[in-house]
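Structure data follow from input_20.tsv (TSV, C-alpha atoms):
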```tsv
chain	number	residue	atom	x	y	z
A	3	MET	CA	92.15	103.70	137.25
A	4	PRO	CA	91.79	100.05	136.09
A	5	ALA	CA	94.32	98.72	138.64
A	6	ASN	CA	93.92	94.95	139.07
A	7	GLN	CA	91.13	94.78	136.50
A	8	LEU	CA	91.58	92.19	133.76
A	9	ALA	CA	92.08	92.91	130.06
A	10	VAL	CA	92.19	90.20	127.40
A	11	VAL	CA	94.11	91.02	124.23
A	12	THR	CA	94.25	88.75	121.19
A	13	GLY	CA	96.84	88.82	118.44
A	14	ALA	CA	99.19	90.29	121.02
A	15	SER	CA	102.52	88.83	119.91
A	16	THR	CA	103.31	91.56	117.37
A	17	GLY	CA	102.07	94.79	115.83
A	18	ILE	CA	98.94	96.59	116.97
A	19	GLY	CA	97.99	93.79	119.37
A	20	LEU	CA	101.33	93.94	121.13
A	21	GLU	CA	101.00	97.69	121.52
A	22	LEU	CA	97.41	97.40	122.74
A	23	ALA	CA	98.61	95.00	125.42
A	24	ARG	CA	101.33	97.49	126.37
A	25	CYS	CA	98.74	100.28	126.63
A	26	CYS	CA	96.65	98.10	128.93
A	27	ALA	CA	99.64	97.32	131.13
A	28	GLN	CA	100.67	100.96	131.32
A	29	ALA	CA	97.14	101.78	132.48
A	30	GLY	CA	97.32	99.16	135.23
A	31	PHE	CA	95.30	96.30	133.73
A	32	ASN	CA	96.33	92.74	134.52
A	33	LEU	CA	96.47	90.78	131.31
A	34	VAL	CA	95.66	87.54	129.57
A	35	ILE	CA	97.20	87.77	126.11
A	36	ALA	CA	96.83	85.33	123.24
A	37	ALA	CA	98.42	84.57	119.89
A	38	ASP	CA	99.05	81.53	117.73
A	39	GLU	CA	102.83	81.59	118.10
A	40	PRO	CA	105.32	80.93	120.91
A	41	ALA	CA	106.48	84.58	120.89
A	42	ILE	CA	103.47	85.39	123.05
A	43	GLU	CA	105.37	83.98	126.05
A	44	ARG	CA	108.18	86.50	125.60
A	45	VAL	CA	105.65	89.34	125.36
A	46	ALA	CA	104.14	88.30	128.69
A	47	VAL	CA	107.56	88.43	130.33
A	48	ASP	CA	108.13	91.94	128.98
A	49	LEU	CA	104.72	93.17	130.14
A	50	ARG	CA	105.28	91.92	133.68
A	51	ARG	CA	108.15	94.39	133.92
A	52	LEU	CA	105.49	97.12	133.85
A	53	GLY	CA	104.22	95.94	137.21
A	54	VAL	CA	101.14	93.94	136.18
A	55	SER	CA	100.40	90.25	135.90
A	56	ALA	CA	100.45	88.90	132.35
A	57	GLU	CA	99.46	85.37	131.37
A	58	ALA	CA	100.21	84.11	127.88
A	59	VAL	CA	97.99	81.71	125.97
A	60	GLU	CA	99.28	80.16	122.76
A	61	ALA	CA	96.17	79.19	120.83
A	62	ASP	CA	94.79	79.19	117.31
A	63	LEU	CA	91.89	81.62	117.61
A	64	ALA	CA	90.62	80.55	114.19
A	65	THR	CA	89.20	77.50	115.98
A	66	THR	CA	86.53	77.15	118.64
A	67	GLU	CA	89.01	74.99	120.55
A	68	GLY	CA	91.52	77.84	120.56
A	69	VAL	CA	88.95	80.33	121.83
A	70	ASP	CA	87.83	77.82	124.45
A	71	LYS	CA	91.46	77.47	125.58
A	72	LEU	CA	91.71	81.24	126.00
A	73	CYS	CA	88.43	81.40	127.91
A	74	ALA	CA	89.56	78.54	130.15
A	75	ALA	CA	92.69	80.51	131.01
A	76	VAL	CA	90.53	83.47	132.03
A	77	GLY	CA	88.32	81.21	134.12
A	78	ASP	CA	85.71	82.96	136.25
A	79	ARG	CA	87.62	86.24	136.45
A	80	PRO	CA	85.53	89.18	135.18
A	81	ILE	CA	86.88	90.70	131.96
A	82	ALA	CA	86.92	94.48	132.23
A	83	ALA	CA	88.20	94.96	128.68
A	84	LEU	CA	88.30	92.64	125.68
A	85	LEU	CA	90.54	93.83	122.87
A	86	ALA	CA	89.65	91.54	119.95
A	87	ASN	CA	92.56	92.20	117.66
A	88	ALA	CA	93.58	88.80	116.23
A	89	GLY	CA	93.55	88.86	112.45
A	90	VAL	CA	95.42	87.80	109.34
A	91	GLY	CA	95.74	89.20	105.83
A	92	LEU	CA	96.07	87.63	102.41
A	93	GLY	CA	97.24	89.21	99.21
A	94	LYS	CA	97.12	88.30	95.50
A	95	ALA	CA	94.13	87.54	93.28
A	96	PHE	CA	91.32	85.57	94.89
A	97	LEU	CA	91.43	82.71	92.36
A	98	ASP	CA	95.20	82.40	92.82
A	99	GLN	CA	94.97	82.05	96.59
A	100	ASP	CA	95.13	78.73	98.39
A	101	PHE	CA	91.64	78.07	99.73
A	102	ALA	CA	92.99	76.75	103.02
A	103	ARG	CA	94.49	80.20	103.63
A	104	ILE	CA	91.23	81.88	102.63
A	105	LYS	CA	89.32	79.74	105.11
A	106	HIS	CA	91.87	80.43	107.84
A	107	LEU	CA	91.46	84.18	107.27
A	108	VAL	CA	87.67	83.99	107.56
A	109	ASP	CA	87.88	81.71	110.60
A	110	THR	CA	90.38	84.02	112.31
A	111	ASN	CA	89.06	87.44	111.41
A	112	ILE	CA	85.35	86.67	111.63
A	113	THR	CA	84.33	83.33	113.16
A	114	GLY	CA	86.84	83.20	115.99
A	115	THR	CA	86.36	86.88	116.77
A	116	LEU	CA	82.58	86.50	116.93
A	117	TYR	CA	82.82	83.42	119.16
A	118	LEU	CA	85.15	85.15	121.61
A	119	ILE	CA	83.02	88.30	121.73
A	120	HIS	CA	79.88	86.20	122.19
A	121	ARG	CA	81.39	84.40	125.17
A	122	ALA	CA	83.03	87.39	126.82
A	123	GLY	CA	80.19	89.75	125.94
A	124	ASN	CA	77.61	87.59	127.66
A	125	GLU	CA	79.71	87.60	130.82
A	126	MET	CA	80.03	91.39	130.62
A	127	LEU	CA	76.31	91.82	130.06
A	128	ARG	CA	75.48	89.74	133.13
A	129	ARG	CA	77.64	92.13	135.16
A	130	ASN	CA	76.40	95.14	133.16
A	131	SER	CA	80.00	96.30	132.83
A	132	GLY	CA	82.79	95.98	130.31
A	133	ARG	CA	84.57	97.41	127.31
A	134	ILE	CA	85.04	95.74	123.92
A	135	LEU	CA	87.51	96.99	121.32
A	136	ILE	CA	87.32	95.39	117.89
A	137	THR	CA	90.16	95.96	115.43
A	138	GLY	CA	88.43	96.64	112.15
A	139	SER	CA	90.08	98.63	109.38
A	140	ILE	CA	89.53	101.41	106.88
A	141	ALA	CA	89.98	98.54	104.41
A	142	GLY	CA	86.37	97.72	105.22
A	143	PHE	CA	85.28	100.83	103.32
A	144	THR	CA	86.82	99.65	100.04
A	145	PRO	CA	86.28	96.60	97.82
A	146	GLY	CA	89.81	95.23	98.03
A	147	SER	CA	90.91	93.96	94.67
A	148	PHE	CA	93.90	91.66	95.31
A	149	GLN	CA	92.89	91.66	98.99
A	150	ALA	CA	89.28	90.74	98.35
A	151	VAL	CA	88.62	88.40	101.28
A	152	TYR	CA	90.61	90.44	103.77
A	153	ASN	CA	88.82	93.71	102.99
A	154	ALA	CA	85.48	91.93	103.07
A	155	SER	CA	86.30	90.48	106.49
A	156	LYS	CA	87.07	93.95	107.82
A	157	ALA	CA	83.86	95.34	106.30
A	158	PHE	CA	82.08	92.64	108.30
A	159	LEU	CA	83.81	93.61	111.54
A	160	ASP	CA	83.29	97.34	111.02
A	161	SER	CA	79.58	96.77	110.45
A	162	PHE	CA	79.23	94.25	113.27
A	163	SER	CA	80.83	96.54	115.83
A	164	PHE	CA	78.32	99.35	115.24
A	165	ALA	CA	75.39	96.92	115.34
A	166	LEU	CA	76.56	95.31	118.59
A	167	ARG	CA	77.16	98.72	120.12
A	168	GLU	CA	73.58	99.72	119.38
A	169	GLU	CA	72.23	96.48	120.84
A	170	LEU	CA	74.17	97.17	124.04
A	171	ARG	CA	73.33	100.89	124.12
A	172	ASP	CA	71.29	100.72	127.33
A	173	SER	CA	73.76	98.45	129.14
A	174	GLY	CA	77.04	99.16	130.88
A	175	VAL	CA	78.98	97.50	128.05
A	176	THR	CA	80.60	99.66	125.38
A	177	VAL	CA	81.83	98.62	121.93
A	178	THR	CA	84.52	100.55	120.08
A	179	CYS	CA	85.84	99.87	116.57
A	180	LEU	CA	89.48	100.71	115.85
A	181	MET	CA	89.86	101.39	112.13
A	182	PRO	CA	93.51	101.91	111.22
A	183	GLY	CA	95.01	102.26	107.79
A	184	ALA	CA	98.24	100.58	106.67
A	185	THR	CA	100.36	100.13	109.80
A	186	GLU	CA	104.01	99.21	110.32
A	187	THR	CA	103.64	95.58	111.43
A	188	GLU	CA	104.37	92.06	110.20
A	189	PHE	CA	100.99	92.07	108.44
A	190	PHE	CA	102.10	92.67	104.86
A	191	ARG	CA	105.02	90.26	104.99
A	192	ARG	CA	102.79	87.52	106.36
A	193	ALA	CA	100.15	88.30	103.73
A	194	ASP	CA	102.73	87.87	100.90
A	195	MET	CA	102.34	91.51	99.89
A	196	MET	CA	105.91	92.79	99.91
A	197	ASP	CA	105.78	93.12	96.12
A	198	THR	CA	102.95	95.67	96.30
A	199	LYS	CA	102.79	99.43	96.66
A	200	VAL	CA	100.85	99.27	99.93
A	201	GLY	CA	103.23	96.65	101.29
A	202	THR	CA	106.34	98.76	100.72
A	203	GLU	CA	105.23	102.35	101.26
A	204	GLN	CA	105.56	104.28	104.54
A	205	LYS	CA	102.97	103.34	107.14
A	206	ASP	CA	101.59	104.52	110.47
A	207	GLY	CA	103.34	103.47	113.67
A	208	ALA	CA	101.77	100.57	115.57
A	209	TYR	CA	102.01	102.23	118.98
A	210	GLU	CA	100.30	105.44	117.84
A	211	VAL	CA	97.48	103.41	116.28
A	212	ALA	CA	97.08	101.24	119.37
A	213	LYS	CA	97.15	104.19	121.77
A	214	ALA	CA	94.42	105.97	119.80
A	215	GLY	CA	92.30	102.82	119.87
A	216	PHE	CA	92.89	102.20	123.56
A	217	ASP	CA	92.03	105.78	124.48
A	218	ALA	CA	88.84	105.64	122.39
A	219	MET	CA	87.85	102.40	124.12
A	220	MET	CA	88.43	103.91	127.55
A	221	ARG	CA	86.26	106.90	126.59
A	222	GLY	CA	83.54	104.56	125.35
A	223	GLU	CA	83.57	106.01	121.84
A	224	ALA	CA	81.95	104.23	118.91
A	225	ASP	CA	84.93	104.25	116.57
A	226	ILE	CA	88.29	105.76	115.84
A	227	VAL	CA	89.93	106.16	112.43
A	228	THR	CA	93.61	106.80	113.03
A	229	GLY	CA	95.55	109.38	111.04
A	230	LEU	CA	94.38	112.38	109.01
A	231	LYS	CA	95.14	110.66	105.70
A	232	ASN	CA	92.97	107.70	106.67
A	233	LYS	CA	90.14	109.96	107.85
A	234	VAL	CA	90.15	111.67	104.45
A	235	GLN	CA	90.29	108.30	102.70
A	236	THR	CA	87.18	107.05	104.51
A	237	MET	CA	85.24	110.23	103.69
A	238	VAL	CA	86.17	109.89	100.01
A	239	ALA	CA	85.26	106.19	100.03
A	240	ASN	CA	81.78	107.00	101.33
A	241	VAL	CA	80.96	109.04	98.21
A	242	THR	CA	82.90	107.06	95.57
A	243	PRO	CA	81.29	104.26	93.52
A	244	ASN	CA	82.46	100.79	94.55
A	245	GLU	CA	83.64	99.97	91.03
A	246	MET	CA	86.00	102.95	91.11
A	247	LEU	CA	87.20	102.09	94.62
A	248	ALA	CA	88.08	98.57	93.47
A	249	LYS	CA	90.05	99.97	90.52
A	250	GLN	CA	91.94	102.32	92.83
A	251	HIS	CA	92.72	99.49	95.24
A	252	ARG	CA	94.29	97.49	92.42
A	253	LYS	CA	96.95	100.19	92.08
A	254	MET	CA	97.92	99.66	95.72
A	255	ALA	CA	97.61	95.90	96.17
A	256	GLU	CA	98.21	94.20	92.80
A	257	PRO	CA	101.44	92.14	92.80
A	258	GLY	CA	104.25	93.98	91.03
A	259	THR	CA	103.15	97.49	92.05
A	260	ALA	CA	105.95	97.94	94.60
A	261	LYS	CA	108.17	100.95	94.00
A	262	SER	CA	111.52	99.94	92.58
```
Would you mind writing the structure in this file as structure tokens?
Amino acid sequence: MPANQLAVVTGASTGIGLELARCCAQAGFNLVIAADEPAIERVAVDLRRLGVSAEAVEADLATTEGVDKLCAAVGDRPIAALLANAGVGLGKAFLDQDFARIKHLVDTNITGTLYLIHRAGNEMLRRNSGRILITGSIAGFTPGSFQAVYNASKAFLDSFSFALREELRDSGVTVTCLMPGATETEFFRRADMMDTKVGTEQKDGAYEVAKAGFDAMMRGEADIVTGLKNKVQTMVANVTPNEMLAKQHRKMAEPGTAKS
């Protein structure tokens, strides 16, 4: 049991990150949780009711300063589990998107995630012990027309997680990639995608997705695709030409495709 061991969870104020933090608390991990909004403080209060310590850090993890703030809060405590979940989405056509939002997505999903894993991973490697869970996505298997930068960022994370896992194969540090499909969170509203088919259709539950990812991390597995439908989708994507995948994605993510 991980009683009194420390888990760090990012993007923990809502959605999958919140449920990952809850899974950690239920398993007995003490927590440092981070998000870029004040709601993270309320989450910490709720998690303490599960009998663990929970420290909230409000920080913009798209910046090196935000990641440094999180690491400073951890201090010299060993991190038993890092759940790198912070991420943002962005809908609509690439050339119609505000470039500041594009940059923020890349900085959050990729740059900030890499910096945090680099810092925490080095500490784990020195101890030869630790678990890393990276929230990728099945979106990484598909060129995401009308979600082009988001899907590309998840393709990066999916690929990176397998590469890092192989590099750490002979160490005591494991890397697991959680690859959910569309999940019932604030993601699509925040990504301005509530006028799309994928934004309005029924989705997987955040707790079920998080629990599957947490369990896979604890078992030291390489990856977990949640849900039978998503497993089938990834298998189909692996044998479908990218041009066709991009056309299919348009039907899900193009503005105006929401069911009336």
>> If I take CA of Ala255 (chain A) and CA of Lys199 (chain A), how far is one from the other in Å, to one decimal?
In response: 6.3 Å
>> Taking (84.0, 95.7, 130.8) in the coordinates of the supplied file, I want to know which residues reach to within 9 Å of it, counting all atoms listed in the file; could you give the answer as an MDAnalysis selection string?
In response: chainID A and resid 8:9 80:84 123 126:127 129:134 174:176
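With distances restricted to all atoms listed in the file, A:Gly89 is the closest residue to Arg192 (chain A) from A:Pro40, A:Gly89, A:Gly77, A:Gly53.
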> Which neighbours of Ala150 (chain A) fall inside 8 Å, counting all atoms listed in the file, when residues of the same chain fewer than 5 positions from it are skipped, and could you give them as number ranges by chain?
Replying inline: A: 95-96, 145
> Separation of CA of Arg50 (chain A) and CA of Asn32 (chain A), in Å?
Replying inline: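 It comes out at 9.0 Å.
In this model, the gap between CA of Asp70 (chain A) and CA of Ala41 (chain A) comes to 20.2 Å.
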>> If we count only C-alpha atoms and set the cut-off at 10 Å, which residues sit around region 206-211 of chain A, ignoring sequence neighbours fewer than 5 positions away in its own chain? Please answer as a PyMOL selection string.
In response: chain A and resi 16-22+24-25+180-187+216+226-229+232
> Within 10 Å of (91.9, 86.3, 110.2), in the coordinates the file gives, what residues turn up when you count all atoms listed in the file, written out as a list in words?
Replying inline: Gly13, Leu63, Ala64, Asn87, Ala88, Gly89, Val90, Gly91, Leu92, Arg103, Ile104, Lys105, His106, Leu107, Val108, Asp109, Thr110, Asn111, Ile112, Thr113, Gly114, Thr115, Val151, Tyr152, Ser155 and Lys156 of chain A
>> I'd like to know which of A:Ile140, A:Leu97, A:Glu125, A:Val76 is closest to Met237 (chain A), using all atoms listed in the file.
In response: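 The closest residue to Met237 (chain A) is A:Ile140.
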Each region 120-209 of chain A residue no farther than 12 Å from region 239-248 of chain A, nearest pair in Å, only C-alpha atoms, as a Markdown table:
```
| residue | atom | partner | partner_atom | distance |
| --- | --- | --- | --- | --- |
| A:Ile140 | CA | A:Ala239 | CA | 9.4 |
| A:Ala141 | CA | A:Ala239 | CA | 10.0 |
| A:Gly142 | CA | A:Ala239 | CA | 10.0 |
| A:Phe143 | CA | A:Ala239 | CA | 6.3 |
| A:Thr144 | CA | A:Leu247 | CA | 6.0 |
| A:Pro145 | CA | A:Ala248 | CA | 5.1 |
| A:Gly146 | CA | A:Ala248 | CA | 5.9 |
| A:Ser147 | CA | A:Ala248 | CA | 5.5 |
| A:Phe148 | CA | A:Ala248 | CA | 9.2 |
| A:Gln149 | CA | A:Ala248 | CA | 10.1 |
| A:Ala150 | CA | A:Ala248 | CA | 9.3 |
| A:Asn153 | CA | A:Ala248 | CA | 10.7 |
| A:Ala154 | CA | A:Ala248 | CA | 12.0 |
```
Where's the centre, and what are the edge lengths in Å to one decimal, of a box along x, y and z enclosing all listed atoms of region 19-37 of chain A padded 3 Å per side, as JSON?
```
{"center_x": 98.3, "center_y": 93.2, "center_z": 127.3, "size_x": 12.0, "size_y": 23.2, "size_z": 21.9}
```
